[in-house]
Amino acid sequence: MHKEVDFIAEYNEEMKELLAEPQTSPSEREWQRFRLSMELVNAQESQYTRVKNEERWKRLEQEFYPALCVIAKTQGGRVELNIKEDTLIGQLVYIGEGLTLGSSNPEGLAAFSRIVAAAEDIFVSIHDGCSKFQFIFCLHDKVFVEDHAEQIAKIKEKIRLHRMETMRLHRMLSGKD
């Protein structure tokens, strides 16, 4: 039996239509909404600080990186480890012409599975004709440091009022008011 689903042509057509549409700049109201949303996110995030998680850091550096290096050595790939100490975000990258994991290499498959399971995000792409796997790791814990509930509530109210005003404007412009 053979089953197959192919959405390539449909996707390409949708992308062609999307790219053919004239690009319009956001309106001032849309920018206001965006700025309010960013203000809300910043207020929420400012309640926390990032504290280095030694166990996650050590696991990335001493387990995942060497395991991916073993896979790269046997399959002719390249491995990069980048850790941003200011944000405590780690990136593990594998680049190679092919990546074959299976019963012929159970240790490699198990190691790759552990990396995938531990990663926060995974991006797969083609880079100079090679497969590129990017694994993103959060090497921190968020620790609550200060309550900004009042500020957050005020921003949420601003967003609600902005949304209500936008609805009123749409009603007026559509002649329903």
# chains A, B, ... in the order shown; residues from 1 in each chain; ligands from 1
>>> select_by_dssp(residues="chain A", states="alpha helix (DSSP H)", output="PyMOL selection string")
chain A and resi 8-20+28-45+54-59+65-75+106-118+149-174
>>> write_last_selection(atoms="C-alpha atoms", output="short mmCIF file (atom, residue, chain, number, x, y, z; two decimals), in the first residue's frame")
data_model
loop_
_atom_site.label_atom_id
_atom_site.label_comp_id
_atom_site.auth_asym_id
_atom_site.auth_seq_id
_atom_site.Cartn_x
_atom_site.Cartn_y
_atom_site.Cartn_z
CA ILE A 8 3.09 21.72 -2.33
CA ALA A 9 1.20 23.14 -5.33
CA GLU A 10 -1.59 24.47 -3.11
CA TYR A 11 0.93 26.09 -0.75
CA ASN A 12 2.89 27.62 -3.63
CA GLU A 13 -0.30 29.06 -5.12
CA GLU A 14 -1.34 30.56 -1.77
CA MET A 15 2.12 32.09 -1.33
CA LYS A 16 2.01 33.54 -4.85
CA GLU A 17 -1.40 35.13 -4.12
CA LEU A 18 -0.20 36.42 -0.77
CA LEU A 19 2.92 37.98 -2.24
CA ALA A 20 0.91 39.51 -5.11
CA GLU A 28 -1.91 54.46 13.41
CA ARG A 29 -4.62 52.58 15.38
CA GLU A 30 -2.90 49.27 14.63
CA TRP A 31 0.42 50.74 15.79
CA GLN A 32 -1.27 51.96 18.99
CA ARG A 33 -2.63 48.46 19.63
CA PHE A 34 0.83 46.98 18.97
CA ARG A 35 2.50 49.44 21.37
CA LEU A 36 -0.07 48.66 24.07
CA SER A 37 0.48 44.94 23.57
CA MET A 38 4.24 45.39 23.88
CA GLU A 39 3.73 47.49 27.02
CA LEU A 40 1.65 44.67 28.49
CA VAL A 41 4.23 41.99 27.68
CA ASN A 42 7.03 44.13 29.12
CA ALA A 43 5.07 44.76 32.33
CA GLN A 44 4.31 41.05 32.71
CA GLU A 45 7.91 40.00 32.03
CA GLU A 54 22.95 24.88 36.29
CA GLU A 55 21.49 21.45 35.56
CA ARG A 56 20.09 22.45 32.14
CA TRP A 57 23.32 24.28 31.26
CA LYS A 58 25.45 21.29 32.23
CA ARG A 59 23.19 18.86 30.35
CA TYR A 65 26.69 18.72 22.59
CA PRO A 66 29.09 15.71 22.84
CA ALA A 67 26.34 13.28 21.75
CA LEU A 68 25.58 15.37 18.66
CA CYS A 69 29.33 15.56 17.96
CA VAL A 70 29.49 11.75 17.90
CA ILE A 71 26.62 11.66 15.41
CA ALA A 72 28.32 14.36 13.29
CA LYS A 73 31.63 12.48 13.30
CA THR A 74 30.04 9.28 11.99
CA GLN A 75 27.85 11.09 9.44
CA PRO A 106 20.53 2.96 18.35
CA GLU A 107 22.81 5.10 20.55
CA GLY A 108 22.65 7.98 18.08
CA LEU A 109 18.89 7.66 17.78
CA ALA A 110 18.48 7.63 21.56
CA ALA A 111 20.76 10.68 21.96
CA PHE A 112 18.97 12.59 19.20
CA SER A 113 15.61 11.73 20.79
CA ARG A 114 16.79 13.09 24.17
CA ILE A 115 17.92 16.33 22.51
CA VAL A 116 14.59 16.74 20.70
CA ALA A 117 12.64 16.05 23.90
CA ALA A 118 14.64 18.60 25.93
CA ALA A 149 -0.54 43.60 38.93
CA GLU A 150 -1.85 47.18 39.14
CA GLN A 151 0.22 48.35 36.18
CA ILE A 152 -0.84 45.26 34.19
CA ALA A 153 -4.50 45.87 35.01
CA LYS A 154 -4.21 49.49 33.81
CA ILE A 155 -2.63 48.42 30.53
CA LYS A 156 -5.31 45.77 30.02
CA GLU A 157 -7.94 48.43 30.57
CA LYS A 158 -6.24 50.67 27.98
CA ILE A 159 -6.30 47.76 25.53
CA ARG A 160 -9.99 47.14 26.27
CA LEU A 161 -10.84 50.80 25.73
CA HIS A 162 -8.79 50.88 22.54
CA ARG A 163 -10.65 47.81 21.26
CA MET A 164 -14.02 49.38 22.13
CA GLU A 165 -13.08 52.61 20.34
CA THR A 166 -11.98 50.64 17.30
CA MET A 167 -15.32 48.81 17.27
CA ARG A 168 -17.20 52.13 17.47
CA LEU A 169 -15.15 53.52 14.58
CA HIS A 170 -15.87 50.45 12.46
CA ARG A 171 -19.61 50.78 13.19
CA MET A 172 -19.56 54.46 12.25
CA LEU A 173 -17.65 53.81 9.03
CA SER A 174 -19.96 50.95 8.06
#
>>> closest_atom_pairs(of="range 8-50 of chain A", to="range 141-147 of chain A", cutoff="9 Å", atoms="only C-alpha atoms", output="Markdown table")
| residue | atom | partner | partner_atom | distance |
| --- | --- | --- | --- | --- |
| A:Gln44 | CA | A:Asp147 | CA | 8.9 |
| A:Ser46 | CA | A:Glu146 | CA | 7.7 |
| A:Gln47 | CA | A:Glu146 | CA | 4.8 |
| A:Tyr48 | CA | A:Phe144 | CA | 4.4 |
| A:Thr49 | CA | A:Val143 | CA | 5.3 |
| A:Arg50 | CA | A:Lys142 | CA | 4.8 |
>>> write_last_selection(atoms="C-alpha atoms", output="mmCIF file, in the first residue's frame")
data_model
loop_
_atom_site.group_PDB
_atom_site.id
_atom_site.type_symbol
_atom_site.label_atom_id
_atom_site.label_comp_id
_atom_site.auth_asym_id
_atom_site.auth_seq_id
_atom_site.Cartn_x
_atom_site.Cartn_y
_atom_site.Cartn_z
ATOM 1 C CA GLN A 44 4.315 41.050 32.713
ATOM 2 C CA SER A 46 9.396 42.663 34.331
ATOM 3 C CA GLN A 47 7.850 40.819 37.279
ATOM 4 C CA TYR A 48 10.416 38.057 36.803
ATOM 5 C CA THR A 49 14.148 37.653 36.602
ATOM 6 C CA ARG A 50 16.044 34.862 34.919
#
>>> atom_distance(atom1="CA of Ile95 in chain A", atom2="CA of Val79 in chain A")
6.5 Å
>>> select_by_dssp(residues="range 10-63 of chain A", states="strand (DSSP E)", output="number ranges by chain")
A: 48-52
>>> write_last_selection(atoms="C-alpha atoms", output="mmCIF file, in the first residue's frame")
data_model
loop_
_atom_site.group_PDB
_atom_site.id
_atom_site.type_symbol
_atom_site.label_atom_id
_atom_site.label_comp_id
_atom_site.auth_asym_id
_atom_site.auth_seq_id
_atom_site.Cartn_x
_atom_site.Cartn_y
_atom_site.Cartn_z
ATOM 1 C CA TYR A 48 10.416 38.057 36.803
ATOM 2 C CA THR A 49 14.148 37.653 36.602
ATOM 3 C CA ARG A 50 16.044 34.862 34.919
ATOM 4 C CA VAL A 51 18.210 32.668 37.104
ATOM 5 C CA LYS A 52 20.703 30.308 35.518
#
>>> atom_distance(atom1="CA of Ile136 in chain A", atom2="CA of Val93 in chain A")
8.8 Å
>>> atom_distance(atom1="CA of Val5 in chain A", atom2="CA of Asn105 in chain A")
29.6 Å
>>> residues_around(residues="Lys84 in chain A", least_positions_apart="5", cutoff="12 Å", atoms="only C-alpha atoms", output="CSV table (one decimal) with all heavy atoms, in the first residue's frame")
chain,number,residue,atom,x,y,z
A,52,LYS,N,20.1,31.4,36.2
A,52,LYS,CA,20.7,30.3,35.5
A,52,LYS,C,20.3,29.0,36.2
A,52,LYS,O,20.5,28.8,37.4
A,52,LYS,CB,22.2,30.5,35.5
A,52,LYS,CG,23.0,29.4,34.8
A,52,LYS,CD,24.5,29.8,34.9
A,52,LYS,CE,25.3,28.7,34.2
A,52,LYS,NZ,26.8,29.1,34.3
A,57,TRP,N,22.1,23.8,31.9
A,57,TRP,CA,23.3,24.3,31.3
A,57,TRP,C,24.3,23.1,31.1
A,57,TRP,O,24.8,22.9,30.0
A,57,TRP,CB,23.9,25.4,32.1
A,57,TRP,CG,25.1,26.1,31.5
A,57,TRP,CD1,26.3,25.5,31.2
A,57,TRP,CD2,25.2,27.4,31.1
A,57,TRP,NE1,27.2,26.4,30.7
A,57,TRP,CE2,26.5,27.6,30.6
A,57,TRP,CE3,24.4,28.5,31.1
A,57,TRP,CZ2,27.0,28.8,30.1
A,57,TRP,CZ3,24.8,29.7,30.6
A,57,TRP,CH2,26.1,29.9,30.1
A,89,ILE,N,20.0,31.6,27.0
A,89,ILE,CA,19.4,30.8,25.9
A,89,ILE,C,20.5,30.1,25.2
A,89,ILE,O,21.6,30.7,24.8
A,89,ILE,CB,18.6,31.7,24.9
A,89,ILE,CG1,17.5,32.5,25.6
A,89,ILE,CG2,18.1,30.9,23.7
A,89,ILE,CD1,16.4,31.6,26.1
A,90,GLY,N,20.4,28.8,25.0
A,90,GLY,CA,21.4,28.0,24.3
A,90,GLY,C,20.8,27.5,22.9
A,90,GLY,O,19.6,27.3,22.8
A,91,GLN,N,21.7,27.4,22.0
A,91,GLN,CA,21.4,27.0,20.6
A,91,GLN,C,22.4,25.9,20.3
A,91,GLN,O,23.6,26.1,20.3
A,91,GLN,CB,21.4,28.1,19.6
A,91,GLN,CG,21.1,27.7,18.2
A,91,GLN,CD,21.4,28.8,17.2
A,91,GLN,OE1,22.4,29.5,17.3
A,91,GLN,NE2,20.5,29.0,16.3
A,92,LEU,N,21.9,24.7,19.9
A,92,LEU,CA,22.7,23.6,19.5
A,92,LEU,C,22.3,23.4,18.0
A,92,LEU,O,21.1,23.3,17.7
A,92,LEU,CB,22.4,22.4,20.3
A,92,LEU,CG,23.2,21.1,20.1
A,92,LEU,CD1,24.7,21.4,20.3
A,92,LEU,CD2,22.7,20.0,21.0
A,136,ILE,N,16.8,24.9,20.3
A,136,ILE,CA,16.8,26.1,21.3
A,136,ILE,C,16.5,25.6,22.7
A,136,ILE,O,15.5,24.8,22.9
A,136,ILE,CB,15.8,27.2,20.9
A,136,ILE,CG1,16.0,27.6,19.4
A,136,ILE,CG2,15.9,28.4,21.8
A,136,ILE,CD1,17.3,28.1,19.0
A,137,PHE,N,17.3,26.0,23.6
A,137,PHE,CA,17.2,25.6,25.0
A,137,PHE,C,17.1,26.8,25.9
A,137,PHE,O,17.9,27.7,25.8
A,137,PHE,CB,18.4,24.7,25.5
A,137,PHE,CG,18.5,23.4,24.7
A,137,PHE,CD1,19.2,23.4,23.5
A,137,PHE,CD2,18.0,22.3,25.2
A,137,PHE,CE1,19.4,22.2,22.8
A,137,PHE,CE2,18.1,21.1,24.5
A,137,PHE,CZ,18.8,21.1,23.3
A,138,CYS,N,16.2,26.8,26.8
A,138,CYS,CA,16.1,27.8,27.9
A,138,CYS,C,17.0,27.3,29.1
A,138,CYS,O,16.7,26.2,29.6
A,138,CYS,CB,14.7,28.1,28.4
A,138,CYS,SG,13.7,28.9,27.1
A,139,LEU,N,18.0,28.0,29.4
A,139,LEU,CA,18.9,27.6,30.4
A,139,LEU,C,18.7,28.4,31.7
A,139,LEU,O,19.6,28.7,32.5
A,139,LEU,CB,20.4,27.7,29.9
A,139,LEU,CG,20.7,27.0,28.6
A,139,LEU,CD1,22.1,27.4,28.1
A,139,LEU,CD2,20.4,25.6,28.7
A,140,HIS,N,17.4,28.7,32.0
A,140,HIS,CA,17.1,29.6,33.1
A,140,HIS,C,15.8,29.2,33.7
A,140,HIS,O,15.0,28.5,33.1
A,140,HIS,CB,17.1,31.0,32.7
A,140,HIS,CG,16.0,31.3,31.7
A,140,HIS,ND1,16.2,31.2,30.4
A,140,HIS,CD2,14.7,31.7,31.9
A,140,HIS,CE1,15.0,31.5,29.7
A,140,HIS,NE2,14.1,31.8,30.7
>>> decode(residues="range 24-68 of chain A", atoms="N, CA and C atoms", output="compact mmCIF listing (two decimals), in the first residue's frame")
# COMPACT_ATOMS: atom_id res chain seq x y z
N THR A 24 0.31 46.91 2.58
CA THR A 24 -0.13 48.16 3.19
C THR A 24 0.51 48.30 4.56
N SER A 25 0.86 49.51 4.87
CA SER A 25 1.44 49.78 6.19
C SER A 25 0.34 49.74 7.24
N PRO A 26 0.68 49.34 8.44
CA PRO A 26 -0.32 49.35 9.51
C PRO A 26 -0.81 50.78 9.76
N SER A 27 -2.07 50.88 10.13
CA SER A 27 -2.63 52.20 10.45
C SER A 27 -2.11 52.66 11.81
N GLU A 28 -2.34 53.92 12.11
CA GLU A 28 -1.91 54.46 13.41
C GLU A 28 -2.62 53.72 14.54
N ARG A 29 -3.89 53.33 14.36
CA ARG A 29 -4.62 52.58 15.38
C ARG A 29 -3.97 51.21 15.60
N GLU A 30 -3.55 50.57 14.51
CA GLU A 30 -2.90 49.27 14.63
C GLU A 30 -1.56 49.40 15.36
N TRP A 31 -0.84 50.49 15.08
CA TRP A 31 0.42 50.74 15.79
C TRP A 31 0.15 50.99 17.27
N GLN A 32 -0.93 51.71 17.59
CA GLN A 32 -1.27 51.96 18.99
C GLN A 32 -1.54 50.63 19.70
N ARG A 33 -2.31 49.77 19.05
CA ARG A 33 -2.63 48.46 19.63
C ARG A 33 -1.34 47.65 19.84
N PHE A 34 -0.44 47.70 18.87
CA PHE A 34 0.83 46.98 18.97
C PHE A 34 1.64 47.51 20.15
N ARG A 35 1.73 48.85 20.27
CA ARG A 35 2.50 49.44 21.37
C ARG A 35 1.90 49.08 22.73
N LEU A 36 0.57 49.06 22.81
CA LEU A 36 -0.07 48.66 24.07
C LEU A 36 0.21 47.19 24.39
N SER A 37 0.19 46.36 23.37
CA SER A 37 0.48 44.94 23.57
C SER A 37 1.91 44.74 24.06
N MET A 38 2.85 45.48 23.46
CA MET A 38 4.24 45.39 23.88
C MET A 38 4.40 45.90 25.32
N GLU A 39 3.70 46.96 25.65
CA GLU A 39 3.73 47.49 27.02
C GLU A 39 3.24 46.44 28.01
N LEU A 40 2.19 45.72 27.63
CA LEU A 40 1.65 44.67 28.49
C LEU A 40 2.66 43.54 28.67
N VAL A 41 3.24 43.07 27.60
CA VAL A 41 4.23 41.99 27.68
C VAL A 41 5.41 42.42 28.54
N ASN A 42 5.90 43.64 28.33
CA ASN A 42 7.03 44.13 29.12
C ASN A 42 6.69 44.21 30.60
N ALA A 43 5.49 44.67 30.92
CA ALA A 43 5.07 44.76 32.33
C ALA A 43 4.97 43.36 32.94
N GLN A 44 4.43 42.41 32.20
CA GLN A 44 4.31 41.05 32.71
C GLN A 44 5.70 40.43 32.92
N GLU A 45 6.58 40.59 31.94
CA GLU A 45 7.91 40.00 32.03
C GLU A 45 8.78 40.66 33.10
N SER A 46 8.56 41.96 33.36
CA SER A 46 9.40 42.66 34.33
C SER A 46 9.13 42.19 35.76
N GLN A 47 8.13 41.38 35.96
CA GLN A 47 7.85 40.82 37.28
C GLN A 47 8.83 39.69 37.63
N TYR A 48 9.56 39.23 36.63
CA TYR A 48 10.42 38.06 36.80
C TYR A 48 11.86 38.39 36.45
N THR A 49 12.75 37.61 37.01
CA THR A 49 14.15 37.65 36.60
C THR A 49 14.54 36.24 36.19
N ARG A 50 15.56 36.16 35.36
CA ARG A 50 16.04 34.86 34.92
C ARG A 50 17.22 34.44 35.79
N VAL A 51 17.14 33.22 36.28
CA VAL A 51 18.21 32.67 37.10
C VAL A 51 18.75 31.43 36.39
N LYS A 52 20.05 31.41 36.23
CA LYS A 52 20.70 30.31 35.52
C LYS A 52 20.35 28.97 36.16
N ASN A 53 19.91 28.03 35.31
CA ASN A 53 19.63 26.67 35.76
C ASN A 53 20.88 25.84 35.44
N GLU A 54 21.66 25.58 36.45
CA GLU A 54 22.95 24.88 36.29
C GLU A 54 22.77 23.50 35.68
N GLU A 55 21.71 22.81 36.06
CA GLU A 55 21.49 21.45 35.56
C GLU A 55 21.22 21.45 34.06
N ARG A 56 20.37 22.36 33.58
CA ARG A 56 20.09 22.45 32.14
C ARG A 56 21.34 22.85 31.36
N TRP A 57 22.08 23.82 31.90
CA TRP A 57 23.32 24.28 31.26
C TRP A 57 24.30 23.12 31.11
N LYS A 58 24.51 22.41 32.21
CA LYS A 58 25.45 21.29 32.23
C LYS A 58 24.99 20.19 31.27
N ARG A 59 23.71 19.92 31.23
CA ARG A 59 23.19 18.86 30.35
C ARG A 59 23.41 19.23 28.88
N LEU A 60 23.17 20.49 28.52
CA LEU A 60 23.40 20.94 27.15
C LEU A 60 24.87 20.83 26.78
N GLU A 61 25.71 21.35 27.66
CA GLU A 61 27.14 21.42 27.37
C GLU A 61 27.85 20.07 27.48
N GLN A 62 27.46 19.24 28.45
CA GLN A 62 28.21 18.02 28.72
C GLN A 62 27.54 16.74 28.24
N GLU A 63 26.26 16.82 27.86
CA GLU A 63 25.58 15.62 27.35
C GLU A 63 25.14 15.79 25.90
N PHE A 64 24.34 16.81 25.63
CA PHE A 64 23.77 16.96 24.29
C PHE A 64 24.81 17.33 23.24
N TYR A 65 25.66 18.29 23.55
CA TYR A 65 26.69 18.72 22.59
C TYR A 65 27.62 17.55 22.23
N PRO A 66 28.22 16.83 23.21
CA PRO A 66 29.09 15.71 22.84
C PRO A 66 28.35 14.60 22.07
N ALA A 67 27.10 14.33 22.44
CA ALA A 67 26.34 13.28 21.75
C ALA A 67 26.11 13.66 20.28
N LEU A 68 25.79 14.92 20.03
CA LEU A 68 25.58 15.37 18.66
C LEU A 68 26.91 15.37 17.90
